[in-house]
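Q: This is the content of model.cif (mmCIF, C-alpha atoms):
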data_data
loop_
_atom_site.group_PDB
_atom_site.id
_atom_site.type_symbol
_atom_site.label_atom_id
_atom_site.label_comp_id
_atom_site.auth_asym_id
_atom_site.auth_seq_id
_atom_site.Cartn_x
_atom_site.Cartn_y
_atom_site.Cartn_z
ATOM 1 C CA MET A 1 14.076 19.110 -2.606
ATOM 2 C CA SER A 2 11.926 16.017 -2.173
ATOM 3 C CA LEU A 3 11.798 13.664 0.775
ATOM 4 C CA PHE A 4 11.860 10.778 -1.694
ATOM 5 C CA PRO A 5 14.263 9.472 -4.357
ATOM 6 C CA ALA A 6 13.681 10.976 -7.803
ATOM 7 C CA ASP A 7 12.194 7.789 -9.298
ATOM 8 C CA ILE A 8 9.525 7.596 -6.578
ATOM 9 C CA GLU A 9 8.740 11.293 -6.958
ATOM 10 C CA ASP A 10 8.381 10.771 -10.728
ATOM 11 C CA GLN A 11 6.043 7.785 -10.190
ATOM 12 C CA ALA A 12 3.944 9.775 -7.730
ATOM 13 C CA ARG A 13 3.804 12.801 -10.034
ATOM 14 C CA GLN A 14 2.546 10.611 -12.890
ATOM 15 C CA ILE A 15 -0.139 9.025 -10.705
ATOM 16 C CA VAL A 16 -1.328 12.386 -9.380
ATOM 17 C CA ALA A 17 -1.511 13.836 -12.911
ATOM 18 C CA ASP A 18 -3.290 10.760 -14.324
ATOM 19 C CA PHE A 19 -5.750 10.454 -11.462
ATOM 20 C CA ALA A 20 -6.520 14.195 -11.504
ATOM 21 C CA ALA A 21 -7.159 14.101 -15.254
ATOM 22 C CA ARG A 22 -9.492 11.127 -14.831
ATOM 23 C CA GLY A 23 -11.240 12.375 -11.685
ATOM 24 C CA LYS A 24 -10.024 9.406 -9.626
ATOM 25 C CA MET A 25 -9.076 9.315 -5.960
ATOM 26 C CA VAL A 26 -6.814 6.955 -4.028
ATOM 27 C CA ALA A 27 -6.701 5.513 -0.521
ATOM 28 C CA THR A 28 -3.751 3.728 1.054
ATOM 29 C CA ALA A 29 -3.605 1.087 3.794
ATOM 30 C CA GLU A 30 -0.076 0.757 5.098
ATOM 31 C CA SER A 31 1.667 -1.356 7.662
ATOM 32 C CA CYS A 32 5.408 -1.802 7.002
ATOM 33 C CA THR A 33 5.655 1.479 5.071
ATOM 34 C CA GLY A 34 4.072 3.496 7.880
ATOM 35 C CA GLY A 35 2.468 6.070 5.573
ATOM 36 C CA LEU A 36 5.275 6.448 3.034
ATOM 37 C CA ILE A 37 3.001 5.684 0.063
ATOM 38 C CA ALA A 38 0.573 8.425 1.074
ATOM 39 C CA GLY A 39 3.590 10.605 1.834
ATOM 40 C CA ALA A 40 5.039 10.100 -1.636
ATOM 41 C CA LEU A 41 1.729 11.008 -3.245
ATOM 42 C CA THR A 42 1.145 14.055 -1.048
ATOM 43 C CA GLU A 43 4.675 15.290 -1.799
ATOM 44 C CA ILE A 44 3.225 16.292 -5.189
ATOM 45 C CA SER A 45 1.488 19.636 -5.572
ATOM 46 C CA GLY A 46 -2.159 19.120 -6.490
ATOM 47 C CA SER A 47 -2.402 15.784 -4.710
ATOM 48 C CA SER A 48 -5.311 17.023 -2.577
ATOM 49 C CA ALA A 49 -7.528 16.406 -5.616
ATOM 50 C CA VAL A 50 -6.349 12.785 -5.742
ATOM 51 C CA VAL A 51 -5.492 11.479 -2.256
ATOM 52 C CA ASP A 52 -8.647 10.796 -0.248
ATOM 53 C CA ARG A 53 -7.074 9.222 2.838
ATOM 54 C CA GLY A 54 -4.405 6.941 4.183
ATOM 55 C CA PHE A 55 -4.689 4.329 6.896
ATOM 56 C CA VAL A 56 -1.533 3.489 8.853
ATOM 57 C CA THR A 57 -2.383 0.194 10.524
ATOM 58 C CA TYR A 58 0.827 -1.013 12.111
ATOM 59 C CA THR A 59 -0.773 -3.228 14.761
ATOM 60 C CA ASN A 60 -3.144 -6.119 14.212
ATOM 61 C CA GLN A 61 -5.781 -4.292 16.258
ATOM 62 C CA ALA A 62 -5.517 -1.262 13.978
ATOM 63 C CA LYS A 63 -6.032 -3.519 10.960
ATOM 64 C CA VAL A 64 -9.203 -4.889 12.594
ATOM 65 C CA ASP A 65 -10.526 -1.541 13.873
ATOM 66 C CA MET A 66 -9.745 0.699 10.903
ATOM 67 C CA LEU A 67 -9.952 -1.666 7.929
ATOM 68 C CA GLY A 68 -12.206 -4.491 9.064
ATOM 69 C CA VAL A 69 -9.576 -7.222 8.743
ATOM 70 C CA ALA A 70 -11.017 -10.352 10.352
ATOM 71 C CA GLU A 71 -9.339 -11.466 13.565
ATOM 72 C CA THR A 72 -9.587 -15.042 12.270
ATOM 73 C CA THR A 73 -7.578 -14.042 9.183
ATOM 74 C CA LEU A 74 -4.818 -12.627 11.366
ATOM 75 C CA ALA A 75 -4.867 -15.671 13.655
ATOM 76 C CA THR A 76 -4.829 -18.156 10.767
ATOM 77 C CA HIS A 77 -2.554 -16.459 8.227
ATOM 78 C CA GLY A 78 -0.753 -13.729 10.175
ATOM 79 C CA ALA A 79 -0.438 -10.019 9.506
ATOM 80 C CA VAL A 80 2.057 -10.608 6.707
ATOM 81 C CA SER A 81 -0.027 -12.656 4.287
ATOM 82 C CA LYS A 82 -1.908 -12.450 1.015
ATOM 83 C CA GLU A 83 -5.190 -12.844 2.880
ATOM 84 C CA THR A 84 -4.491 -9.903 5.187
ATOM 85 C CA ALA A 85 -3.333 -7.657 2.323
ATOM 86 C CA LEU A 86 -6.513 -8.422 0.373
ATOM 87 C CA GLN A 87 -8.726 -7.625 3.359
ATOM 88 C CA MET A 88 -6.740 -4.440 4.031
ATOM 89 C CA VAL A 89 -7.211 -3.147 0.476
ATOM 90 C CA HIS A 90 -10.907 -4.016 0.525
ATOM 91 C CA GLY A 91 -11.334 -2.149 3.813
ATOM 92 C CA ALA A 92 -9.437 0.897 2.561
ATOM 93 C CA LEU A 93 -11.500 1.092 -0.606
ATOM 94 C CA TYR A 94 -14.855 0.708 1.075
ATOM 95 C CA ARG A 95 -14.063 2.952 4.054
ATOM 96 C CA SER A 96 -13.116 5.846 1.771
ATOM 97 C CA GLN A 97 -14.314 7.885 -1.183
ATOM 98 C CA ALA A 98 -11.488 6.502 -3.337
ATOM 99 C CA SER A 99 -11.923 4.757 -6.662
ATOM 100 C CA VAL A 100 -8.633 2.856 -6.182
ATOM 101 C CA ALA A 101 -6.805 1.619 -3.095
ATOM 102 C CA VAL A 102 -3.492 -0.035 -2.320
ATOM 103 C CA ALA A 103 -2.464 -1.990 0.790
ATOM 104 C CA VAL A 104 0.896 -3.268 2.026
ATOM 105 C CA THR A 105 1.969 -5.511 4.891
ATOM 106 C CA GLY A 106 5.432 -6.937 5.358
ATOM 107 C CA ILE A 107 8.605 -7.431 7.326
ATOM 108 C CA ALA A 108 11.012 -4.550 6.770
ATOM 109 C CA GLY A 109 13.606 -5.836 9.244
ATOM 110 C CA PRO A 110 16.217 -6.004 10.399
ATOM 111 C CA GLY A 111 14.459 -8.334 12.870
ATOM 112 C CA GLY A 112 11.083 -10.029 12.867
ATOM 113 C CA GLY A 113 11.670 -12.498 10.081
ATOM 114 C CA SER A 114 11.449 -16.293 10.158
ATOM 115 C CA ALA A 115 12.230 -19.143 7.782
ATOM 116 C CA GLU A 116 8.627 -19.079 6.546
ATOM 117 C CA LYS A 117 8.330 -15.278 6.484
ATOM 118 C CA PRO A 118 11.804 -13.796 6.000
ATOM 119 C CA VAL A 119 12.855 -10.181 6.314
ATOM 120 C CA GLY A 120 11.994 -8.447 3.049
ATOM 121 C CA LEU A 121 8.730 -10.350 2.504
ATOM 122 C CA VAL A 122 5.912 -7.944 1.600
ATOM 123 C CA HIS A 123 2.371 -8.641 0.429
ATOM 124 C CA LEU A 124 0.754 -5.879 -1.620
ATOM 125 C CA ALA A 125 -2.784 -5.583 -2.948
ATOM 126 C CA ALA A 126 -4.503 -3.013 -5.149
ATOM 127 C CA LYS A 127 -8.192 -2.830 -5.975
ATOM 128 C CA ASN A 128 -10.589 -0.641 -7.905
ATOM 129 C CA ARG A 129 -14.346 -0.205 -7.550
ATOM 130 C CA SER A 130 -14.957 -2.224 -10.726
ATOM 131 C CA GLY A 131 -13.735 -5.272 -8.817
ATOM 132 C CA LYS A 132 -10.287 -5.592 -10.385
ATOM 133 C CA ILE A 133 -7.834 -6.756 -7.735
ATOM 134 C CA LEU A 134 -4.102 -7.339 -7.887
ATOM 135 C CA HIS A 135 -1.841 -9.111 -5.402
ATOM 136 C CA ARG A 136 1.941 -9.330 -5.388
ATOM 137 C CA GLU A 137 4.176 -11.207 -3.016
ATOM 138 C CA MET A 138 7.564 -9.537 -3.032
ATOM 139 C CA ARG A 139 10.714 -10.967 -1.523
ATOM 140 C CA TYR A 140 13.090 -8.026 -1.497
ATOM 141 C CA GLY A 141 15.575 -9.808 0.755
ATOM 142 C CA GLU A 142 17.662 -8.381 3.574
ATOM 143 C CA ILE A 143 18.513 -5.152 1.751
ATOM 144 C CA GLY A 144 17.996 -2.962 4.820
ATOM 145 C CA ARG A 145 14.887 -1.544 6.450
ATOM 146 C CA THR A 146 14.858 1.712 4.482
ATOM 147 C CA GLU A 147 15.419 -0.046 1.156
ATOM 148 C CA VAL A 148 12.659 -2.609 1.819
ATOM 149 C CA ARG A 149 10.255 0.219 2.616
ATOM 150 C CA LEU A 150 11.241 2.264 -0.459
ATOM 151 C CA ALA A 151 11.058 -0.801 -2.717
ATOM 152 C CA THR A 152 7.562 -1.416 -1.349
ATOM 153 C CA VAL A 153 6.538 2.168 -2.164
ATOM 154 C CA ARG A 154 7.794 1.701 -5.746
ATOM 155 C CA THR A 155 5.851 -1.535 -6.196
ATOM 156 C CA ALA A 156 2.718 -0.061 -4.610
ATOM 157 C CA LEU A 157 2.779 2.944 -6.939
ATOM 158 C CA GLU A 158 3.199 0.618 -9.952
ATOM 159 C CA MET A 159 0.199 -1.407 -8.799
ATOM 160 C CA LEU A 160 -1.906 1.735 -8.266
ATOM 161 C CA ALA A 161 -1.210 2.840 -11.819
ATOM 162 C CA GLU A 162 -2.004 -0.626 -13.171
ATOM 163 C CA VAL A 163 -5.294 -1.078 -11.347
ATOM 164 C CA ALA A 164 -6.388 2.504 -12.118
ATOM 165 C CA ALA A 165 -5.860 1.899 -15.833
ATOM 166 C CA GLN A 166 -8.404 -0.931 -15.561
ATOM 167 C CA ALA A 167 -10.957 1.068 -13.595
#
Kindly transcribe the structure held in the file into structure tokens.

A:
Amino acid sequence: MSLFPADIEDQARQIVADFAARGKMVATAESCTGGLIAGALTEISGSSAVVDRGFVTYTNQAKVDMLGVAETTLATHGAVSKETALQMVHGALYRSQASVAVAVTGIAGPGGGSAEKPVGLVHLAAKNRSGKILHREMRYGEIGRTEVRLATVRTALEMLAEVAAQA
């Protein structure tokens, strides 16, 4: 029995198999998912050959300390922004042995949203060492905290697969 829905487990299994076959490793930088992306990957047997490390950076200070996100970025754009997600993924990649990294920051709810940044808004970024970088702004809506977090895991795993294929 898995901790995750079958579709997420299938995505993770595919990534672990692909990365293992290609000798690639992954790092995650997670805010709103609190480690669920790394958790989904490490649910798969053999993932120790693929998962280098995961950073759970829930606070702004953790983003600065662990990933090197600039305090000015957080002050200017906020934690939930494209700019922060891009700096998070860069920090995860370059503070690890991974060839690919993914980062997520968002508002899972039920509170914490605003008109400008509503509940369900998540910024995701994925990057490889060849310099390919992806960003997605997702607006999942007020579908519930658990569903926002699981939807974010699904999108993050898709982005990992996409950026790894271009590595």

Q: Tell me, in Å to one decimal, how far atom CA of Thr84 of chain A is from atom CA of Gln11 of chain A.

A: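 Spanning atom CA of Thr84 of chain A to atom CA of Gln11 of chain A is a straight-line distance of 25.7 Å.
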
Q: Where does the PyMOL selection byres ((chain A and resi 6-10) around 8) land in this file, that is, which residues does it pick, as a PyMOL selection string?

A: chain A and resi 2+4-5+11-14+40-41+43-44+153-154

Q: Using the chain letters and numbering of this document, enumerate as an MDAnalysis selection string the residues selected by the PyMOL selection byres ((chain A and resi 157) around 12).

A: chainID A and resid 7:16 26:28 36:41 100:104 124:126 150:156 158:164

Q: Report, in Å to a single decimal, how far apart atom CA of Val119 of chain A and atom CA of Thr42 of chain A are.

A: 27.9 Å

Q: Restrict the calculation to all atoms listed in the file, then for each residue of segment 121-166 of chain A with any atom at most 9 Å from an atom of segment 66-81 of chain A give the closest atom pair and their distance in Å to one decimal, rows by chain and rising residue number, as JSON lines.

A:
{"residue": "A:Leu121", "atom": "CA", "partner": "A:Val80", "partner_atom": "CA", "distance": 7.9}
{"residue": "A:Val122", "atom": "CA", "partner": "A:Val80", "partner_atom": "CA", "distance": 6.9}
{"residue": "A:His123", "atom": "CA", "partner": "A:Ser81", "partner_atom": "CA", "distance": 6.1}
{"residue": "A:Glu137", "atom": "CA", "partner": "A:Ser81", "partner_atom": "CA", "distance": 8.5}

Q: When you look at Ala108 of chain A with a cut-off of 10 Å (counting all atoms listed in the file), what residues show up, excluding the ones that are within fewer than 2 positions of it in the same chain? I need them as a short mmCIF file (atom, residue, chain, number, x, y, z; two decimals) with C-alpha atoms, in the coordinates of the input.

A:
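To be explicit, this is the file written out as out.cif:
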data_model
loop_
_atom_site.label_atom_id
_atom_site.label_comp_id
_atom_site.auth_asym_id
_atom_site.auth_seq_id
_atom_site.Cartn_x
_atom_site.Cartn_y
_atom_site.Cartn_z
CA SER A 31 1.67 -1.36 7.66
CA CYS A 32 5.41 -1.80 7.00
CA THR A 33 5.66 1.48 5.07
CA THR A 105 1.97 -5.51 4.89
CA GLY A 106 5.43 -6.94 5.36
CA PRO A 110 16.22 -6.00 10.40
CA GLY A 111 14.46 -8.33 12.87
CA GLY A 112 11.08 -10.03 12.87
CA GLY A 113 11.67 -12.50 10.08
CA PRO A 118 11.80 -13.80 6.00
CA VAL A 119 12.86 -10.18 6.31
CA GLY A 120 11.99 -8.45 3.05
CA LEU A 121 8.73 -10.35 2.50
CA VAL A 122 5.91 -7.94 1.60
CA TYR A 140 13.09 -8.03 -1.50
CA GLY A 141 15.58 -9.81 0.76
CA GLU A 142 17.66 -8.38 3.57
CA ILE A 143 18.51 -5.15 1.75
CA GLY A 144 18.00 -2.96 4.82
CA ARG A 145 14.89 -1.54 6.45
CA THR A 146 14.86 1.71 4.48
CA GLU A 147 15.42 -0.05 1.16
CA VAL A 148 12.66 -2.61 1.82
CA ARG A 149 10.26 0.22 2.62
CA LEU A 150 11.24 2.26 -0.46
CA THR A 152 7.56 -1.42 -1.35
#

Q: From the set A:Tyr94, A:Lys63, A:Ser48, A:Gly23, which residue has the shortest atom-to-atom contact distance to Gly131 of chain A, counting all atoms listed in the file?

A: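 Among A:Tyr94, A:Lys63, A:Ser48, A:Gly23, it is A:Tyr94 that comes nearest to Gly131 of chain A.
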
Q: Give the answer as one residue: which of A:Ala20, A:Val64, A:Ala29, A:Val89 has the shortest atom-to-atom distance to Ser45 of chain A, using all atoms listed in the file?

A: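 For Ser45 of chain A, the nearest of the candidates is A:Ala20.
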
Q: Find the residue from A:Arg129, A:Val50, A:Ala62, A:Glu83 that sits nearest to Arg22 of chain A; use only C-alpha atoms when measuring.

A: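 Using only C-alpha atoms, the shortest distance to Arg22 of chain A belongs to A:Val50.
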
Q: Using all atoms listed in the file, which of A:Leu93, A:Val56, A:Met1, A:Ala21 sits nearest Gly34 of chain A?

A: A:Val56

Q: Please write segment 25-69 of chain A of the preceding block to a file containing N, CA and C atoms, as a PDB file, in the first residue's frame?

A:
ATOM      1  N   MET A  25      20.436  12.176 -11.035  1.00  0.00           N
ATOM      2  CA  MET A  25      19.935  12.342  -9.668  1.00  0.00           C
ATOM      3  C   MET A  25      19.076  13.596  -9.596  1.00  0.00           C
ATOM      4  N   VAL A  26      18.193  13.634  -8.601  1.00  0.00           N
ATOM      5  CA  VAL A  26      17.255  14.736  -8.441  1.00  0.00           C
ATOM      6  C   VAL A  26      17.366  15.334  -7.040  1.00  0.00           C
ATOM      7  N   ALA A  27      17.100  16.639  -6.981  1.00  0.00           N
ATOM      8  CA  ALA A  27      16.949  17.350  -5.708  1.00  0.00           C
ATOM      9  C   ALA A  27      15.616  18.083  -5.755  1.00  0.00           C
ATOM     10  N   THR A  28      14.988  18.220  -4.593  1.00  0.00           N
ATOM     11  CA  THR A  28      13.727  18.947  -4.512  1.00  0.00           C
ATOM     12  C   THR A  28      13.873  20.110  -3.534  1.00  0.00           C
ATOM     13  N   ALA A  29      13.161  21.191  -3.817  1.00  0.00           N
ATOM     14  CA  ALA A  29      13.066  22.342  -2.917  1.00  0.00           C
ATOM     15  C   ALA A  29      11.578  22.619  -2.762  1.00  0.00           C
ATOM     16  N   GLU A  30      11.065  22.385  -1.557  1.00  0.00           N
ATOM     17  CA  GLU A  30       9.621  22.405  -1.370  1.00  0.00           C
ATOM     18  C   GLU A  30       9.197  23.350  -0.258  1.00  0.00           C
ATOM     19  N   SER A  31       8.162  24.110  -0.560  1.00  0.00           N
ATOM     20  CA  SER A  31       7.532  24.926   0.463  1.00  0.00           C
ATOM     21  C   SER A  31       6.142  24.368   0.730  1.00  0.00           C
ATOM     22  N   CYS A  32       5.164  24.680  -0.101  1.00  0.00           N
ATOM     23  CA  CYS A  32       3.770  24.300   0.182  1.00  0.00           C
ATOM     24  C   CYS A  32       3.535  22.792   0.217  1.00  0.00           C
ATOM     25  N   THR A  33       4.407  22.008  -0.405  1.00  0.00           N
ATOM     26  CA  THR A  33       4.238  20.557  -0.383  1.00  0.00           C
ATOM     27  C   THR A  33       4.950  19.904   0.798  1.00  0.00           C
ATOM     28  N   GLY A  34       5.779  20.630   1.503  1.00  0.00           N
ATOM     29  CA  GLY A  34       6.381  20.140   2.732  1.00  0.00           C
ATOM     30  C   GLY A  34       7.121  18.822   2.632  1.00  0.00           C
ATOM     31  N   GLY A  35       7.700  18.514   1.484  1.00  0.00           N
ATOM     32  CA  GLY A  35       8.458  17.274   1.321  1.00  0.00           C
ATOM     33  C   GLY A  35       7.716  16.159   0.595  1.00  0.00           C
ATOM     34  N   LEU A  36       6.500  16.429   0.141  1.00  0.00           N
ATOM     35  CA  LEU A  36       5.718  15.383  -0.519  1.00  0.00           C
ATOM     36  C   LEU A  36       6.327  14.917  -1.848  1.00  0.00           C
ATOM     37  N   ILE A  37       7.004  15.813  -2.563  1.00  0.00           N
ATOM     38  CA  ILE A  37       7.610  15.408  -3.836  1.00  0.00           C
ATOM     39  C   ILE A  37       8.734  14.412  -3.565  1.00  0.00           C
ATOM     40  N   ALA A  38       9.607  14.760  -2.619  1.00  0.00           N
ATOM     41  CA  ALA A  38      10.670  13.828  -2.231  1.00  0.00           C
ATOM     42  C   ALA A  38      10.057  12.555  -1.657  1.00  0.00           C
ATOM     43  N   GLY A  39       8.983  12.690  -0.914  1.00  0.00           N
ATOM     44  CA  GLY A  39       8.304  11.530  -0.346  1.00  0.00           C
ATOM     45  C   GLY A  39       7.755  10.601  -1.410  1.00  0.00           C
ATOM     46  N   ALA A  40       7.166  11.181  -2.456  1.00  0.00           N
ATOM     47  CA  ALA A  40       6.627  10.359  -3.543  1.00  0.00           C
ATOM     48  C   ALA A  40       7.752   9.600  -4.245  1.00  0.00           C
ATOM     49  N   LEU A  41       8.862  10.271  -4.471  1.00  0.00           N
ATOM     50  CA  LEU A  41       9.986   9.613  -5.134  1.00  0.00           C
ATOM     51  C   LEU A  41      10.590   8.527  -4.251  1.00  0.00           C
ATOM     52  N   THR A  42      10.753   8.805  -2.965  1.00  0.00           N
ATOM     53  CA  THR A  42      11.383   7.828  -2.081  1.00  0.00           C
ATOM     54  C   THR A  42      10.442   6.706  -1.671  1.00  0.00           C
ATOM     55  N   GLU A  43       9.180   6.799  -2.056  1.00  0.00           N
ATOM     56  CA  GLU A  43       8.226   5.698  -1.866  1.00  0.00           C
ATOM     57  C   GLU A  43       8.600   4.513  -2.773  1.00  0.00           C
ATOM     58  N   ILE A  44       9.380   4.798  -3.817  1.00  0.00           N
ATOM     59  CA  ILE A  44       9.728   3.802  -4.825  1.00  0.00           C
ATOM     60  C   ILE A  44      11.030   3.103  -4.453  1.00  0.00           C
ATOM     61  N   SER A  45      11.003   1.790  -4.461  1.00  0.00           N
ATOM     62  CA  SER A  45      12.203   1.003  -4.198  1.00  0.00           C
ATOM     63  C   SER A  45      13.266   1.334  -5.245  1.00  0.00           C
ATOM     64  N   GLY A  46      14.488   1.523  -4.798  1.00  0.00           N
ATOM     65  CA  GLY A  46      15.574   1.874  -5.710  1.00  0.00           C
ATOM     66  C   GLY A  46      15.797   3.360  -5.843  1.00  0.00           C
ATOM     67  N   SER A  47      14.979   4.145  -5.171  1.00  0.00           N
ATOM     68  CA  SER A  47      15.081   5.608  -5.303  1.00  0.00           C
ATOM     69  C   SER A  47      16.363   6.164  -4.701  1.00  0.00           C
ATOM     70  N   SER A  48      17.047   5.398  -3.858  1.00  0.00           N
ATOM     71  CA  SER A  48      18.292   5.910  -3.268  1.00  0.00           C
ATOM     72  C   SER A  48      19.361   6.152  -4.328  1.00  0.00           C
ATOM     73  N   ALA A  49      19.228   5.526  -5.479  1.00  0.00           N
ATOM     74  CA  ALA A  49      20.161   5.765  -6.586  1.00  0.00           C
ATOM     75  C   ALA A  49      19.816   7.040  -7.351  1.00  0.00           C
ATOM     76  N   VAL A  50      18.660   7.624  -7.059  1.00  0.00           N
ATOM     77  CA  VAL A  50      18.138   8.734  -7.856  1.00  0.00           C
ATOM     78  C   VAL A  50      17.937  10.011  -7.036  1.00  0.00           C
ATOM     79  N   VAL A  51      17.457   9.885  -5.813  1.00  0.00           N
ATOM     80  CA  VAL A  51      17.143  11.063  -4.997  1.00  0.00           C
ATOM     81  C   VAL A  51      18.379  11.453  -4.202  1.00  0.00           C
ATOM     82  N   ASP A  52      18.947  12.620  -4.527  1.00  0.00           N
ATOM     83  CA  ASP A  52      20.124  13.099  -3.803  1.00  0.00           C
ATOM     84  C   ASP A  52      19.718  13.735  -2.481  1.00  0.00           C
ATOM     85  N   ARG A  53      18.797  14.704  -2.539  1.00  0.00           N
ATOM     86  CA  ARG A  53      18.352  15.369  -1.317  1.00  0.00           C
ATOM     87  C   ARG A  53      17.109  16.195  -1.587  1.00  0.00           C
ATOM     88  N   GLY A  54      16.441  16.526  -0.482  1.00  0.00           N
ATOM     89  CA  GLY A  54      15.271  17.384  -0.549  1.00  0.00           C
ATOM     90  C   GLY A  54      15.387  18.478   0.492  1.00  0.00           C
ATOM     91  N   PHE A  55      15.039  19.681   0.080  1.00  0.00           N
ATOM     92  CA  PHE A  55      15.033  20.831   0.975  1.00  0.00           C
ATOM     93  C   PHE A  55      13.584  21.198   1.261  1.00  0.00           C
ATOM     94  N   VAL A  56      13.174  21.188   2.521  1.00  0.00           N
ATOM     95  CA  VAL A  56      11.856  21.681   2.893  1.00  0.00           C
ATOM     96  C   VAL A  56      12.090  23.060   3.496  1.00  0.00           C
ATOM     97  N   THR A  57      11.688  24.076   2.748  1.00  0.00           N
ATOM     98  CA  THR A  57      11.956  25.463   3.134  1.00  0.00           C
ATOM     99  C   THR A  57      10.629  26.198   3.273  1.00  0.00           C
ATOM    100  N   TYR A  58       9.958  25.942   4.371  1.00  0.00           N
ATOM    101  CA  TYR A  58       8.622  26.490   4.584  1.00  0.00           C
ATOM    102  C   TYR A  58       8.661  27.975   4.909  1.00  0.00           C
ATOM    103  N   THR A  59       9.666  28.410   5.667  1.00  0.00           N
ATOM    104  CA  THR A  59       9.752  29.829   6.021  1.00  0.00           C
ATOM    105  C   THR A  59      10.635  30.574   5.022  1.00  0.00           C
ATOM    106  N   ASN A  60      10.467  31.889   5.008  1.00  0.00           N
ATOM    107  CA  ASN A  60      11.329  32.714   4.159  1.00  0.00           C
ATOM    108  C   ASN A  60      12.787  32.561   4.576  1.00  0.00           C
ATOM    109  N   GLN A  61      13.040  32.517   5.889  1.00  0.00           N
ATOM    110  CA  GLN A  61      14.415  32.397   6.362  1.00  0.00           C
ATOM    111  C   GLN A  61      15.045  31.089   5.896  1.00  0.00           C
ATOM    112  N   ALA A  62      14.272  30.017   5.884  1.00  0.00           N
ATOM    113  CA  ALA A  62      14.792  28.742   5.386  1.00  0.00           C
ATOM    114  C   ALA A  62      15.140  28.840   3.903  1.00  0.00           C
ATOM    115  N   LYS A  63      14.322  29.547   3.146  1.00  0.00           N
ATOM    116  CA  LYS A  63      14.615  29.730   1.717  1.00  0.00           C
ATOM    117  C   LYS A  63      15.939  30.467   1.534  1.00  0.00           C
ATOM    118  N   VAL A  64      16.182  31.476   2.368  1.00  0.00           N
ATOM    119  CA  VAL A  64      17.430  32.245   2.315  1.00  0.00           C
ATOM    120  C   VAL A  64      18.602  31.373   2.758  1.00  0.00           C
ATOM    121  N   ASP A  65      18.471  30.749   3.939  1.00  0.00           N
ATOM    122  CA  ASP A  65      19.576  29.992   4.532  1.00  0.00           C
ATOM    123  C   ASP A  65      19.942  28.745   3.734  1.00  0.00           C
ATOM    124  N   MET A  66      18.961  27.975   3.317  1.00  0.00           N
ATOM    125  CA  MET A  66      19.231  26.678   2.702  1.00  0.00           C
ATOM    126  C   MET A  66      19.409  26.737   1.193  1.00  0.00           C
ATOM    127  N   LEU A  67      18.730  27.692   0.544  1.00  0.00           N
ATOM    128  CA  LEU A  67      18.732  27.717  -0.926  1.00  0.00           C
ATOM    129  C   LEU A  67      19.368  28.967  -1.524  1.00  0.00           C
ATOM    130  N   GLY A  68      19.674  29.948  -0.685  1.00  0.00           N
ATOM    131  CA  GLY A  68      20.284  31.162  -1.193  1.00  0.00           C
ATOM    132  C   GLY A  68      19.321  32.120  -1.865  1.00  0.00           C
ATOM    133  N   VAL A  69      18.025  31.990  -1.578  1.00  0.00           N
ATOM    134  CA  VAL A  69      17.061  32.953  -2.132  1.00  0.00           C
ATOM    135  C   VAL A  69      17.395  34.328  -1.553  1.00  0.00           C
TER     136      VAL A  69
END
